[in-house]
$ cat target.csv   # CSV, C-alpha atoms
chain,number,residue,atom,x,y,z
A,90,MET,CA,7.5,-8.1,16.1
A,91,LYS,CA,6.3,-11.0,18.2
A,92,GLY,CA,7.9,-14.3,17.1
A,93,ASN,CA,6.3,-17.7,16.7
A,94,LYS,CA,6.8,-19.9,19.8
A,95,LYS,CA,7.9,-22.9,17.8
A,96,VAL,CA,10.4,-21.0,15.8
A,97,LEU,CA,11.8,-19.3,18.9
A,98,LYS,CA,12.2,-22.7,20.7
A,99,HIS,CA,14.3,-23.8,17.7
A,100,LEU,CA,16.3,-20.6,17.7
A,101,GLN,CA,17.1,-21.1,21.4
A,102,LYS,CA,18.2,-24.6,20.8
A,103,LEU,CA,20.5,-23.4,17.9
A,104,LEU,CA,21.9,-20.7,20.1
A,105,ASN,CA,22.7,-23.2,22.8
A,106,GLY,CA,24.6,-25.3,20.2
A,107,GLU,CA,26.5,-22.4,18.7
A,108,LEU,CA,27.7,-21.2,22.1
A,109,GLY,CA,28.8,-24.7,23.1
A,110,ALA,CA,30.6,-25.1,19.8
A,111,ARG,CA,32.3,-21.7,20.2
A,112,ASP,CA,33.7,-22.7,23.6
A,113,GLN,CA,34.8,-26.1,22.3
A,114,TYR,CA,36.6,-24.5,19.4
A,115,PHE,CA,38.1,-21.9,21.8
A,116,ALA,CA,39.6,-24.6,24.0
A,117,HIS,CA,40.8,-26.7,21.1
A,118,SER,CA,42.4,-23.7,19.3
A,119,ARG,CA,44.3,-22.8,22.4
A,120,MET,CA,45.5,-26.3,22.9
A,121,TYR,CA,46.7,-26.5,19.3
A,122,LYS,CA,48.6,-23.2,19.8
A,123,ASP,CA,50.2,-24.5,22.9
A,124,TRP,CA,51.3,-27.6,21.1
A,125,GLY,CA,52.9,-25.6,18.3
A,126,LEU,CA,50.3,-26.8,15.7
A,127,ASN,CA,49.9,-23.3,14.2
A,128,LYS,CA,47.9,-24.3,11.1
A,129,LEU,CA,45.3,-26.1,13.2
A,130,TYR,CA,45.3,-23.2,15.7
A,131,GLU,CA,44.6,-20.6,12.9
A,132,ARG,CA,41.8,-22.7,11.3
A,133,ILE,CA,40.0,-23.6,14.6
A,134,ASN,CA,40.4,-20.1,15.9
A,135,HIS,CA,38.7,-18.9,12.7
A,136,GLU,CA,35.9,-21.5,13.3
A,137,MET,CA,35.5,-20.2,16.9
A,138,GLU,CA,35.0,-16.7,15.4
A,139,GLU,CA,32.4,-18.0,12.9
A,140,GLU,CA,30.5,-19.8,15.7
A,141,THR,CA,30.4,-16.5,17.6
A,142,GLU,CA,29.1,-14.7,14.4
A,143,HIS,CA,26.4,-17.4,14.1
A,144,ALA,CA,25.4,-16.9,17.7
A,145,ASP,CA,25.2,-13.2,17.1
A,146,MET,CA,22.9,-13.7,14.2
A,147,LEU,CA,20.6,-15.9,16.2
A,148,ILE,CA,20.6,-13.5,19.2
A,149,GLU,CA,19.8,-10.5,16.9
A,150,ARG,CA,16.9,-12.5,15.3
A,151,MET,CA,15.5,-13.6,18.7
A,152,LEU,CA,15.6,-10.0,20.0
A,153,PHE,CA,13.9,-8.8,16.9
A,154,LEU,CA,11.2,-11.4,17.5
A,155,GLU,CA,10.8,-10.0,21.0
A,156,CYS,CA,12.4,-13.0,22.8
A,157,GLU,CA,15.0,-12.8,25.4
A,158,PRO,CA,17.8,-15.3,24.7
A,159,ASP,CA,18.7,-17.6,27.6
A,160,PHE,CA,22.5,-17.7,27.9
A,161,ASN,CA,22.5,-20.3,30.7
A,162,GLN,CA,21.5,-23.3,28.6
A,163,GLN,CA,24.5,-23.6,26.2
A,164,ASP,CA,25.6,-27.0,25.2
A,165,LYS,CA,28.5,-28.5,27.0
A,166,ALA,CA,31.9,-28.3,25.3
A,167,ARG,CA,33.5,-31.7,24.5
A,168,VAL,CA,37.2,-31.0,24.8
A,169,GLY,CA,39.4,-33.8,23.4
A,170,LYS,CA,42.8,-34.9,24.6
A,171,THR,CA,44.4,-35.8,21.2
A,172,VAL,CA,44.2,-34.2,17.8
A,173,PRO,CA,42.1,-36.9,16.2
A,174,GLU,CA,39.7,-36.9,19.2
A,175,MET,CA,39.4,-33.1,19.1
A,176,LEU,CA,38.7,-33.1,15.3
A,177,LYS,CA,36.1,-35.9,15.8
A,178,ASN,CA,34.4,-34.1,18.7
A,179,ASP,CA,34.3,-31.0,16.5
A,180,LEU,CA,32.8,-32.9,13.6
A,181,ASP,CA,30.2,-34.5,15.9
A,182,VAL,CA,29.1,-31.0,17.0
A,183,GLU,CA,28.8,-29.9,13.4
A,184,TYR,CA,26.7,-32.9,12.5
A,185,GLU,CA,24.4,-32.1,15.4
A,186,VAL,CA,24.1,-28.5,14.3
A,187,VAL,CA,23.3,-29.6,10.8
A,188,ASP,CA,20.4,-31.7,12.1
A,189,ALA,CA,19.1,-28.9,14.3
A,190,LEU,CA,19.3,-26.4,11.5
A,191,LYS,CA,17.4,-28.6,9.1
A,192,ALA,CA,14.7,-29.2,11.8
A,193,ALA,CA,14.5,-25.4,12.5
A,194,ILE,CA,14.3,-24.6,8.7
A,195,ARG,CA,11.3,-27.1,8.4
A,196,VAL,CA,9.5,-25.3,11.3
A,197,CYS,CA,10.2,-21.9,9.7
A,198,GLU,CA,8.6,-23.1,6.5
A,199,GLU,CA,5.6,-24.6,8.3
A,200,GLU,CA,5.1,-21.4,10.3
A,201,GLN,CA,5.8,-19.2,7.2
A,202,ASP,CA,8.7,-17.4,8.9
A,203,TYR,CA,10.8,-16.9,5.7
A,204,ASP,CA,13.1,-14.3,7.1
A,205,THR,CA,14.3,-16.5,9.9
A,206,ARG,CA,14.5,-19.4,7.4
A,207,GLN,CA,16.8,-17.3,5.2
A,208,ILE,CA,19.2,-16.7,8.1
A,209,LEU,CA,19.2,-20.4,9.0
A,210,VAL,CA,20.0,-21.4,5.4
A,211,LYS,CA,23.1,-19.3,5.5
A,212,LEU,CA,24.2,-20.9,8.7
A,213,LEU,CA,23.5,-24.4,7.2
A,214,ASP,CA,25.7,-23.6,4.3
A,215,ASP,CA,28.6,-22.5,6.6
A,216,THR,CA,28.1,-25.5,8.7
A,217,GLU,CA,27.9,-28.2,6.0
A,218,MET,CA,30.1,-26.8,3.2
A,219,ASP,CA,32.8,-25.2,5.4
A,220,HIS,CA,33.0,-26.5,8.9
A,221,ALA,CA,32.0,-30.2,8.5
A,222,TYR,CA,33.6,-30.6,5.1
A,223,TRP,CA,37.0,-29.3,6.4
A,224,LEU,CA,36.9,-31.5,9.5
A,225,GLU,CA,36.0,-34.6,7.3
A,226,GLN,CA,39.0,-33.8,5.1
A,227,GLN,CA,41.4,-33.6,8.2
A,228,LEU,CA,40.2,-36.9,9.6
A,229,GLY,CA,40.6,-38.4,6.1
A,230,LEU,CA,44.2,-37.1,5.9
A,231,ILE,CA,45.0,-38.7,9.2
A,232,ASP,CA,43.7,-42.0,7.9
A,233,ARG,CA,45.7,-41.7,4.6
A,234,ILE,CA,49.0,-40.3,5.7
A,235,GLY,CA,49.1,-41.2,9.4
A,236,ILE,CA,49.0,-39.1,12.5
A,237,LYS,CA,52.7,-38.3,12.6
A,238,ASN,CA,52.8,-36.9,9.1
A,239,TYR,CA,49.6,-35.0,9.7
A,240,LEU,CA,50.9,-33.4,12.8
A,241,GLN,CA,54.1,-32.4,11.1
A,242,SER,CA,52.1,-30.8,8.3
A,243,GLN,CA,50.2,-28.7,10.9
A,244,MET,CA,53.3,-27.1,12.5

$ encode --input "target.csv" --output "structure tokens"
Amino acid sequence: MKGNKKVLKHLQKLLNGELGARDQYFAHSRMYKDWGLNKLYERINHEMEEETEHADMLIERMLFLECEPDFNQQDKARVGKTVPEMLKNDLDVEYEVVDALKAAIRVCEEEQDYDTRQILVKLLDDTEMDHAYWLEQQLGLIDRIGIKNYLQSQM
């Protein structure tokens, strides 16, 4: 089934973001593990796996729509040096993904591609309600209890 060019352009942009987010989470999770912050490692490793699943869903949809995904355009990973910086960088990525998903959903509605829209709505729910919300909570905890207490709670 030949896909709509506008929809496919947005799917490629989303794929670029998911692959970049996956790599960023991969780097951050391994840094947390190395630092002995096992709770952060487990959660961010889980997020990396979910970003990979999101990328997989986008790739499958692009292939179904007879489009060859370009794997050479992925967004750059923004690897932090401290826990707050890493969490903030991850949250910034999630906010960017939310904006891109909402724009893509609008295009899907305009072009009447409701099957792609349905896939993107699921990704939006994961991104807003799970990923971004959890990151906001962690940064809020750091503000409320301080970085030393937060880090101790993540061991």

$ closest_residue --input "target.csv" --among "A:Lys95, A:Lys170, A:Tyr114, A:Leu154" --to "A:Arg132" --atoms "all atoms listed in the file"
A:Tyr114

$ residues_around --input "target.csv" --residues "A:Glu149" --least-positions-apart "5" --cutoff "12 Å" --atoms "all atoms listed in the file" --output "JSON, numbers by chain"
{"A": [100, 101, 104, 142, 143, 144, 154, 155, 156, 157, 158, 205, 208]}

$ closest_residue --input "target.csv" --among "A:Asp215, A:Asp232, A:Asp202, A:Glu136" --to "A:Met90" --atoms "all atoms listed in the file"
A:Asp202

$ closest_residue --input "target.csv" --among "A:Glu174, A:Asp214, A:Glu140, A:Asp204" --to "A:Leu190" --atoms "only C-alpha atoms"
A:Asp214

$ closest_residue --input "target.csv" --among "A:Ala110, A:Val196, A:Asn178, A:Lys165" --to "A:Thr216" --atoms "all atoms listed in the file"
A:Ala110

$ axis_aligned_box --input "target.csv" --around "stretch 90-108 of chain A" --padding-each-side "8 Å" --output "lines of an AutoDock Vina configuration file"
center_x = 17.0
center_y = -16.7
center_z = 19.3
size_x = 37.4
size_y = 33.2
size_z = 23.0

$ atom_distance --input "target.csv" --atom1 "atom CA of A:Met151" --atom2 "atom CA of A:Glu139"
18.4 Å

$ residues_around --input "target.csv" --residues "A:Ile194" --least-positions-apart "3" --cutoff "10 Å" --atoms "only C-alpha atoms" --output "PyMOL selection string"
chain A and resi 96+99+188-191+197-200+202-203+205-210+213

$ write_last_selection --input "target.csv" --atoms "C-alpha atoms" --output "PDB file, keeping the file's coordinate frame"
ATOM      1  CA  VAL A  96      10.400 -21.000  15.800  1.00  0.00           C
ATOM      2  CA  HIS A  99      14.300 -23.800  17.700  1.00  0.00           C
ATOM      3  CA  ASP A 188      20.400 -31.700  12.100  1.00  0.00           C
ATOM      4  CA  ALA A 189      19.100 -28.900  14.300  1.00  0.00           C
ATOM      5  CA  LEU A 190      19.300 -26.400  11.500  1.00  0.00           C
ATOM      6  CA  LYS A 191      17.400 -28.600   9.100  1.00  0.00           C
ATOM      7  CA  CYS A 197      10.200 -21.900   9.700  1.00  0.00           C
ATOM      8  CA  GLU A 198       8.600 -23.100   6.500  1.00  0.00           C
ATOM      9  CA  GLU A 199       5.600 -24.600   8.300  1.00  0.00           C
ATOM     10  CA  GLU A 200       5.100 -21.400  10.300  1.00  0.00           C
ATOM     11  CA  ASP A 202       8.700 -17.400   8.900  1.00  0.00           C
ATOM     12  CA  TYR A 203      10.800 -16.900   5.700  1.00  0.00           C
ATOM     13  CA  THR A 205      14.300 -16.500   9.900  1.00  0.00           C
ATOM     14  CA  ARG A 206      14.500 -19.400   7.400  1.00  0.00           C
ATOM     15  CA  GLN A 207      16.800 -17.300   5.200  1.00  0.00           C
ATOM     16  CA  ILE A 208      19.200 -16.700   8.100  1.00  0.00           C
ATOM     17  CA  LEU A 209      19.200 -20.400   9.000  1.00  0.00           C
ATOM     18  CA  VAL A 210      20.000 -21.400   5.400  1.00  0.00           C
ATOM     19  CA  LEU A 213      23.500 -24.400   7.200  1.00  0.00           C
TER      20      LEU A 213
END

$ residues_around --input "target.csv" --residues "A:His135" --least-positions-apart "4" --cutoff "12 Å" --atoms "only C-alpha atoms" --output "list in words"
Arg111, Tyr114, Phe115, His117, Ser118, Arg119, Lys128, Leu129, Tyr130, Glu131, Glu139, Glu140, Thr141, Glu142, Asp219 and His220 of chain A

$ atom_distance --input "target.csv" --atom1 "atom CA of A:Asn134" --atom2 "atom CA of A:Tyr222"
16.5 Å

$ decode --input "target.csv" --residues "stretch 187-198 of chain A" --atoms "all heavy atoms" --output "CSV table (one decimal), in the first residue's frame"
chain,number,residue,atom,x,y,z
A,187,VAL,N,7.0,14.5,21.9
A,187,VAL,CA,5.5,14.8,22.1
A,187,VAL,C,5.1,15.8,21.0
A,187,VAL,O,4.1,15.6,20.3
A,187,VAL,CB,5.2,15.4,23.5
A,187,VAL,CG1,3.9,16.1,23.6
A,187,VAL,CG2,5.3,14.3,24.5
A,188,ASP,N,5.9,16.9,20.8
A,188,ASP,CA,5.5,17.9,19.8
A,188,ASP,C,5.5,17.2,18.4
A,188,ASP,O,4.6,17.5,17.6
A,188,ASP,CB,6.5,19.0,19.8
A,188,ASP,CG,6.4,19.9,21.1
A,188,ASP,OD1,5.3,19.8,21.7
A,188,ASP,OD2,7.3,20.7,21.3
A,189,ALA,N,6.5,16.4,18.1
A,189,ALA,CA,6.5,15.8,16.8
A,189,ALA,C,5.4,14.8,16.6
A,189,ALA,O,4.8,14.7,15.5
A,189,ALA,CB,7.9,15.1,16.6
A,190,LEU,N,5.0,14.1,17.6
A,190,LEU,CA,3.9,13.1,17.5
A,190,LEU,C,2.6,13.9,17.3
A,190,LEU,O,1.8,13.5,16.4
A,190,LEU,CB,3.8,12.3,18.8
A,190,LEU,CG,4.8,11.1,18.9
A,190,LEU,CD1,4.8,10.6,20.3
A,190,LEU,CD2,4.4,10.0,17.9
A,191,LYS,N,2.4,15.0,18.0
A,191,LYS,CA,1.1,15.7,17.8
A,191,LYS,C,1.1,16.3,16.4
A,191,LYS,O,0.0,16.3,15.8
A,191,LYS,CB,1.1,16.9,18.9
A,191,LYS,CG,0.8,16.3,20.3
A,191,LYS,CD,0.7,17.4,21.3
A,191,LYS,CE,0.4,16.9,22.7
A,191,LYS,NZ,0.4,17.9,23.7
A,192,ALA,N,2.2,16.8,15.9
A,192,ALA,CA,2.2,17.3,14.5
A,192,ALA,C,1.9,16.2,13.5
A,192,ALA,O,1.1,16.3,12.5
A,192,ALA,CB,3.5,17.9,14.2
A,193,ALA,N,2.5,15.0,13.7
A,193,ALA,CA,2.2,13.9,12.8
A,193,ALA,C,0.8,13.4,12.9
A,193,ALA,O,0.2,13.0,11.9
A,193,ALA,CB,3.2,12.7,13.2
A,194,ILE,N,0.2,13.4,14.1
A,194,ILE,CA,-1.2,13.0,14.3
A,194,ILE,C,-2.1,13.9,13.5
A,194,ILE,O,-3.0,13.5,12.8
A,194,ILE,CB,-1.5,12.9,15.7
A,194,ILE,CG1,-0.8,11.7,16.4
A,194,ILE,CG2,-3.1,12.8,15.9
A,194,ILE,CD1,-0.9,11.6,17.9
A,195,ARG,N,-1.8,15.2,13.6
A,195,ARG,CA,-2.6,16.2,12.8
A,195,ARG,C,-2.5,15.9,11.3
A,195,ARG,O,-3.5,15.9,10.6
A,195,ARG,CB,-2.1,17.6,13.1
A,195,ARG,CG,-2.7,18.3,14.3
A,195,ARG,CD,-2.4,19.8,14.3
A,195,ARG,NE,-0.9,20.1,14.4
A,195,ARG,CZ,-0.2,20.1,15.5
A,195,ARG,NH1,-0.8,19.8,16.6
A,195,ARG,NH2,1.1,20.4,15.4
A,196,VAL,N,-1.3,15.6,10.8
A,196,VAL,CA,-1.2,15.3,9.4
A,196,VAL,C,-1.9,14.0,9.0
A,196,VAL,O,-2.6,14.0,8.0
A,196,VAL,CB,0.3,15.2,9.0
A,196,VAL,CG1,0.5,14.6,7.6
A,196,VAL,CG2,1.0,16.6,9.1
A,197,CYS,N,-1.9,13.0,9.9
A,197,CYS,CA,-2.6,11.8,9.6
A,197,CYS,C,-4.1,12.1,9.5
A,197,CYS,O,-4.8,11.5,8.6
A,197,CYS,CB,-2.3,10.8,10.7
A,197,CYS,SG,-0.7,10.1,10.6
A,198,GLU,N,-4.6,12.9,10.4
A,198,GLU,CA,-6.0,13.3,10.3
A,198,GLU,C,-6.4,14.0,9.0
A,198,GLU,O,-7.4,13.7,8.4
A,198,GLU,CB,-6.4,14.1,11.5
A,198,GLU,CG,-6.4,13.3,12.8
A,198,GLU,CD,-6.5,14.1,14.1
A,198,GLU,OE1,-6.5,15.4,14.0
A,198,GLU,OE2,-6.6,13.5,15.2
